[in-house]
Structures are given as structure tokens and as C-alpha cells.
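Let me begin by presenting the structure, written as C-alpha cells, before commenting on it.
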Amino acid sequence: MHNTNDKRCIKTKLNIKNALSKILSSKEINQVNVKELCDLAMISRNTFYSHYDNIYSLINEIEEDLLDELVRIIDSTELKVLQYNPYPLLKELTEIIYSDFDLYKIVINSPTSNNLFTKLKELSNPQLFDFITKEINLSEDMILIIIEFYSAGVISAYRQWFNSDRQESLEDISTTISTILSDGLIGIMNTKN
């Protein structure tokens, strides 16, 4: 494998990811082959295999990159502030998604996306658990149910948006999710009246 900090390596990987994004706009992941990916990225098969084992290891790297970015956001966010206004966190997530929309759409809809969401929950749940434990006197089981409810809801809402005709903007979706997280359904009903 190459030095991942080498500029040529970074550029090659970016070309591969861009080529994958273009191909996946018209094909399912299981229909993509390394030869057509290499042809579009203008690299040799040896170059591809020096970076990745197969197409799914490429998808896995894209998922890991997204996870790293999400962890960075979560780590830099004060959970106490999010309790009252989760929108800044969701706004940053929106900006990440828009930075390479086609690629993230593919990742979210890929056959391995459940692994991505499981990893995301595993990374964020301990922080949420610690925060809720300090704020509310509830049993461990109840706290875990609350965390699952919120995290599954947010993930499902974004996934639903990606799979819809997207008549609502991602910013509107993030604002609505933020309102639900902070104020519940009553908050939504109050903003629509």
C-alpha cells in the first residue's frame, strides 16, 4: 500500500472515488467492475489494487472517511448545547453531505450502509449515554432505549430523504429534525401553526 499522505496517492484515490461516483449514478454497486472503474479514473488495475482489495474496500474507506468526519463533529460539539439546539451539528452534517452529494448518496444507499450506521451509533452512543446519565436519573436500559430512539430516527430521516424525490431541501430536513430533537412533535406543530 502507498503512503496515504503522499499527494499523488491522495489525488489517485480522489480520482478513483470520483470515477466510482460517476459509475454509481447509473449502476448498482454490485454491477461495477474494477476494469471500468480504472478506465474512467485513468489508472491501471495495478494502481487500483495497490490502494484497495476490491470495490467494497473502496466503499468501506469512503464510509470510514465519513465516520471520521462525523466523529470530529461530535467530539467538537458540546452535548449540553445540543440538548437545546441540535441544529449546528445537523448543519455541519448537511455541509459534509453537500460537499460530495453523489458519493454520500451512494454510501448511504449501499448494501454496507447498515455497517456504517451501526459504527456511527457505536461511536456516539457512549458520549450520549454519559451525558444522559449525568442529566437524568433513569435506568441504563431506559437510557439505551432513548438513545436508540433518537439515533435511529435521525438516521432513518436522512435515509428517507436520500431515497425520496428531495422536494424539501436538506437544510429544511435538518431544521425539522433539530426541532423534533429539541422540542418534540409539539415543536413542529407550533412552527406550522
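Letters A, B, ... go to the chains of the C-alpha cells in the order shown; residues in each chain start at 1; ligands are counted from 1 in the same order.
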
Residues of segment 23-129 of chain A in helix (DSSP H, G or I) according to DSSP, as an MDAnalysis selection string?
chainID A and resid 23:24 29:31 34:41 45:51 55:75 79:84 87:99 101:109 113:129

Show which residues sit within 12 Å of Glu78 of chain A, as an NGL selection string. Count only C-alpha atoms, and ignore same-chain residues fewer than 3 positions away.
:A and (73-75 or 81-86 or 88-89 or 127-128 or 131)

Go ahead and write the selection's residues with N, CA and C atoms as a PDB file, in the first residue's frame.
ATOM      1  N   ILE A  73     -16.974  16.051  14.267  1.00  0.00           N
ATOM      2  CA  ILE A  73     -18.060  16.989  14.571  1.00  0.00           C
ATOM      3  C   ILE A  73     -18.621  16.721  15.961  1.00  0.00           C
ATOM      4  N   ILE A  74     -18.889  15.461  16.248  1.00  0.00           N
ATOM      5  CA  ILE A  74     -19.465  15.101  17.552  1.00  0.00           C
ATOM      6  C   ILE A  74     -18.504  15.472  18.676  1.00  0.00           C
ATOM      7  N   ASP A  75     -17.215  15.180  18.483  1.00  0.00           N
ATOM      8  CA  ASP A  75     -16.218  15.485  19.511  1.00  0.00           C
ATOM      9  C   ASP A  75     -16.055  16.985  19.738  1.00  0.00           C
ATOM     10  N   VAL A  81     -25.156  21.882  24.880  1.00  0.00           N
ATOM     11  CA  VAL A  81     -25.708  22.865  23.946  1.00  0.00           C
ATOM     12  C   VAL A  81     -26.666  22.185  22.975  1.00  0.00           C
ATOM     13  N   LEU A  82     -26.296  20.994  22.513  1.00  0.00           N
ATOM     14  CA  LEU A  82     -27.145  20.262  21.566  1.00  0.00           C
ATOM     15  C   LEU A  82     -28.505  19.911  22.148  1.00  0.00           C
ATOM     16  N   GLN A  83     -28.547  19.785  23.446  1.00  0.00           N
ATOM     17  CA  GLN A  83     -29.808  19.467  24.121  1.00  0.00           C
ATOM     18  C   GLN A  83     -30.870  20.512  23.782  1.00  0.00           C
ATOM     19  N   TYR A  84     -30.467  21.749  23.653  1.00  0.00           N
ATOM     20  CA  TYR A  84     -31.404  22.836  23.381  1.00  0.00           C
ATOM     21  C   TYR A  84     -31.440  23.232  21.913  1.00  0.00           C
ATOM     22  N   ASN A  85     -30.326  22.987  21.210  1.00  0.00           N
ATOM     23  CA  ASN A  85     -30.284  23.355  19.802  1.00  0.00           C
ATOM     24  C   ASN A  85     -29.339  22.419  19.040  1.00  0.00           C
ATOM     25  N   PRO A  86     -29.865  21.293  18.556  1.00  0.00           N
ATOM     26  CA  PRO A  86     -29.010  20.358  17.814  1.00  0.00           C
ATOM     27  C   PRO A  86     -28.726  20.796  16.375  1.00  0.00           C
ATOM     28  N   PRO A  88     -26.800  23.145  14.917  1.00  0.00           N
ATOM     29  CA  PRO A  88     -25.410  23.312  14.452  1.00  0.00           C
ATOM     30  C   PRO A  88     -24.743  21.985  14.056  1.00  0.00           C
ATOM     31  N   LEU A  89     -24.999  20.939  14.808  1.00  0.00           N
ATOM     32  CA  LEU A  89     -24.459  19.634  14.469  1.00  0.00           C
ATOM     33  C   LEU A  89     -25.049  19.136  13.149  1.00  0.00           C
ATOM     34  N   GLN A 127     -20.912   8.590  24.394  1.00  0.00           N
ATOM     35  CA  GLN A 127     -20.967  10.001  24.784  1.00  0.00           C
ATOM     36  C   GLN A 127     -22.387  10.391  25.193  1.00  0.00           C
ATOM     37  N   LEU A 128     -23.352   9.960  24.406  1.00  0.00           N
ATOM     38  CA  LEU A 128     -24.751  10.262  24.732  1.00  0.00           C
ATOM     39  C   LEU A 128     -25.148   9.606  26.049  1.00  0.00           C
ATOM     40  N   PHE A 131     -23.690  11.566  28.919  1.00  0.00           N
ATOM     41  CA  PHE A 131     -24.386  12.842  29.051  1.00  0.00           C
ATOM     42  C   PHE A 131     -25.756  12.651  29.702  1.00  0.00           C
TER      43      PHE A 131
END

Considering only C-alpha atoms, return as a PDB file with N, CA and C atoms, in the first residue's frame whatever protein or nucleic-acid residues lie within 9 Å of segment 138-149 of chain A, sequence-local ones (same chain, fewer than 4 positions apart) excluded.
ATOM      1  N   LYS A 121     -23.456   4.676  15.486  1.00  0.00           N
ATOM      2  CA  LYS A 121     -24.120   4.566  16.787  1.00  0.00           C
ATOM      3  C   LYS A 121     -23.134   4.106  17.856  1.00  0.00           C
ATOM      4  N   ASN A 125     -22.877   6.615  20.856  1.00  0.00           N
ATOM      5  CA  ASN A 125     -23.694   6.206  21.991  1.00  0.00           C
ATOM      6  C   ASN A 125     -23.011   6.336  23.356  1.00  0.00           C
ATOM      7  N   LEU A 128     -23.352   9.960  24.406  1.00  0.00           N
ATOM      8  CA  LEU A 128     -24.751  10.262  24.732  1.00  0.00           C
ATOM      9  C   LEU A 128     -25.148   9.606  26.049  1.00  0.00           C
ATOM     10  N   PHE A 129     -24.716   8.380  26.250  1.00  0.00           N
ATOM     11  CA  PHE A 129     -25.032   7.663  27.484  1.00  0.00           C
ATOM     12  C   PHE A 129     -24.481   8.415  28.692  1.00  0.00           C
ATOM     13  N   ILE A 132     -26.533  11.706  29.196  1.00  0.00           N
ATOM     14  CA  ILE A 132     -27.888  11.495  29.731  1.00  0.00           C
ATOM     15  C   ILE A 132     -27.823  11.017  31.172  1.00  0.00           C
ATOM     16  N   THR A 133     -26.874  10.157  31.486  1.00  0.00           N
ATOM     17  CA  THR A 133     -26.721   9.652  32.853  1.00  0.00           C
ATOM     18  C   THR A 133     -26.492  10.793  33.839  1.00  0.00           C
ATOM     19  N   GLY A 153     -34.009   7.372  14.628  1.00  0.00           N
ATOM     20  CA  GLY A 153     -34.882   8.350  13.983  1.00  0.00           C
ATOM     21  C   GLY A 153     -34.122   9.295  13.070  1.00  0.00           C
ATOM     22  N   VAL A 154     -33.011   9.808  13.534  1.00  0.00           N
ATOM     23  CA  VAL A 154     -32.206  10.729  12.725  1.00  0.00           C
ATOM     24  C   VAL A 154     -31.663  10.012  11.492  1.00  0.00           C
TER      25      VAL A 154
END

So, counting only C-alpha atoms, which residue among A:Glu64, A:Asp102, A:Glu92, A:Asp6 is closest to Ile23 of chain A?
A:Asp102

If you take only C-alpha atoms and a cut-off of 9 Å, which residues of segment 39-153 of chain A touch segment 160-166 of chain A, and what are their nearest atom pairs and distances in Å to one decimal, in chain and number order, as CSV?
residue,atom,partner,partner_atom,distance
A:Lys105,CA,A:Phe162,CA,6.4
A:Ile108,CA,A:Phe162,CA,7.9
A:Asn109,CA,A:Asn163,CA,8.0

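Here the question is which of A:Ile16, A:Leu90, A:Met42, A:Ile59 gets nearest to Ile106 of chain A using only C-alpha atoms, and that residue is A:Ile59.
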
Do a neighbour search on Arg45 of chain A at 8 Å with only C-alpha atoms, toss out local chain neighbours closer than 6 positions, and write the hits as a PyMOL selection string.
chain A and resi 34-35+38

Segment 48-54 of chain A surroundings by only C-alpha atoms, 10 Å radius, close-in-sequence under 2 positions cut, as JSON, numbers by chain:
{"A": [1, 2, 3, 4, 9, 12, 13, 16, 33, 34, 35, 37, 38, 41, 43, 44, 45, 46, 56, 57, 58, 59, 60, 61]}

Using the selection just defined, write its residues with N, CA and C atoms as a compact mmCIF listing (two decimals), in the first residue's frame.
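Dumped to out15.txt:
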# COMPACT_ATOMS: atom_id res chain seq x y z
N MET A 1 0.84 -1.19 0.00
CA MET A 1 0.00 0.00 0.00
C MET A 1 0.88 1.25 0.00
N HIS A 2 0.33 2.32 -0.49
CA HIS A 2 1.06 3.58 -0.62
C HIS A 2 0.98 4.40 0.66
N ASN A 3 1.89 5.35 0.77
CA ASN A 3 1.83 6.34 1.84
C ASN A 3 0.59 7.19 1.61
N THR A 4 -0.35 7.12 2.53
CA THR A 4 -1.64 7.79 2.33
C THR A 4 -1.54 9.30 2.42
N CYS A 9 -0.83 9.91 -4.05
CA CYS A 9 -1.74 8.90 -3.52
C CYS A 9 -3.11 9.51 -3.25
N THR A 12 -4.81 10.19 -6.59
CA THR A 12 -5.26 8.94 -7.22
C THR A 12 -6.52 8.42 -6.55
N LYS A 13 -6.53 8.44 -5.22
CA LYS A 13 -7.71 7.96 -4.50
C LYS A 13 -8.92 8.85 -4.79
N ILE A 16 -10.25 7.89 -8.14
CA ILE A 16 -10.96 6.61 -8.05
C ILE A 16 -12.35 6.84 -7.46
N ASN A 33 -17.39 -3.03 -12.06
CA ASN A 33 -16.18 -3.86 -12.07
C ASN A 33 -14.96 -2.96 -12.06
N VAL A 34 -13.86 -3.54 -11.61
CA VAL A 34 -12.63 -2.78 -11.42
C VAL A 34 -12.12 -2.22 -12.75
N LYS A 35 -12.25 -2.97 -13.83
CA LYS A 35 -11.74 -2.50 -15.12
C LYS A 35 -12.41 -1.20 -15.55
N LEU A 37 -13.95 0.95 -13.68
CA LEU A 37 -13.57 1.98 -12.71
C LEU A 37 -12.18 2.53 -13.04
N CYS A 38 -11.27 1.64 -13.33
CA CYS A 38 -9.90 2.05 -13.67
C CYS A 38 -9.87 2.85 -14.98
N ALA A 41 -11.18 6.28 -14.21
CA ALA A 41 -10.23 7.03 -13.37
C ALA A 41 -8.88 7.23 -14.06
N ILE A 43 -6.45 5.03 -14.57
CA ILE A 43 -5.38 4.37 -13.83
C ILE A 43 -5.31 2.91 -14.26
N SER A 44 -4.25 2.26 -13.90
CA SER A 44 -4.13 0.83 -14.20
C SER A 44 -4.80 0.02 -13.09
N ARG A 45 -5.09 -1.23 -13.41
CA ARG A 45 -5.65 -2.12 -12.39
C ARG A 45 -4.65 -2.30 -11.24
N ASN A 46 -3.35 -2.36 -11.58
CA ASN A 46 -2.33 -2.50 -10.53
C ASN A 46 -2.39 -1.32 -9.57
N TYR A 56 -15.56 -3.09 -2.71
CA TYR A 56 -16.15 -2.93 -1.38
C TYR A 56 -15.17 -2.35 -0.37
N SER A 57 -13.87 -2.61 -0.56
CA SER A 57 -12.90 -1.96 0.34
C SER A 57 -12.83 -0.47 0.05
N LEU A 58 -13.07 -0.08 -1.19
CA LEU A 58 -13.17 1.34 -1.55
C LEU A 58 -14.38 1.97 -0.86
N ILE A 59 -15.52 1.31 -0.95
CA ILE A 59 -16.74 1.80 -0.28
C ILE A 59 -16.49 1.89 1.22
N ASN A 60 -15.83 0.89 1.77
CA ASN A 60 -15.52 0.89 3.20
C ASN A 60 -14.67 2.09 3.58
N GLU A 61 -13.67 2.43 2.74
CA GLU A 61 -12.84 3.60 3.02
C GLU A 61 -13.67 4.89 2.99

Determine, counting only C-alpha atoms, which protein, DNA and RNA residues have an atom within 8 Å of an atom of Ile29 of chain A; residues of the same chain fewer than 3 positions away are not included. Present the result as a CSV table (one decimal) with N, CA and C atoms, in the first residue's frame.
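Saved file result35.csv follows:
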chain,number,residue,atom,x,y,z
A,24,LEU,N,-21.7,4.9,-10.3
A,24,LEU,CA,-22.8,4.5,-9.5
A,24,LEU,C,-24.0,5.4,-9.7
A,32,VAL,N,-20.6,-2.9,-10.7
A,32,VAL,CA,-19.4,-2.2,-11.0
A,32,VAL,C,-18.2,-3.2,-11.0
A,110,SER,N,-25.8,2.2,0.0
A,110,SER,CA,-25.0,1.0,-0.4
A,110,SER,C,-25.4,-0.2,0.5

Here is a test: counting only C-alpha atoms, which residue of A:Tyr98, A:Thr175, A:Leu67, A:Ser169 is nearest to Glu122 of chain A?
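Among A:Tyr98, A:Thr175, A:Leu67, A:Ser169, it is A:Leu67 that comes nearest to Glu122 of chain A.
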
Separation of atom CA of Phe101 of chain A from atom CA of Glu69 of chain A in Å:
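Answer for the atom CA of Glu69 of chain A to atom CA of Phe101 of chain A separation: 14.7 Å.
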
Of the listed residues A:Leu14, A:Leu79, A:Leu40, A:Ile96, that which approaches Lys134 of chain A most closely, counting only C-alpha atoms:
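Looking only at the distances to Lys134 of chain A, the closest residue turns out to be A:Leu79.
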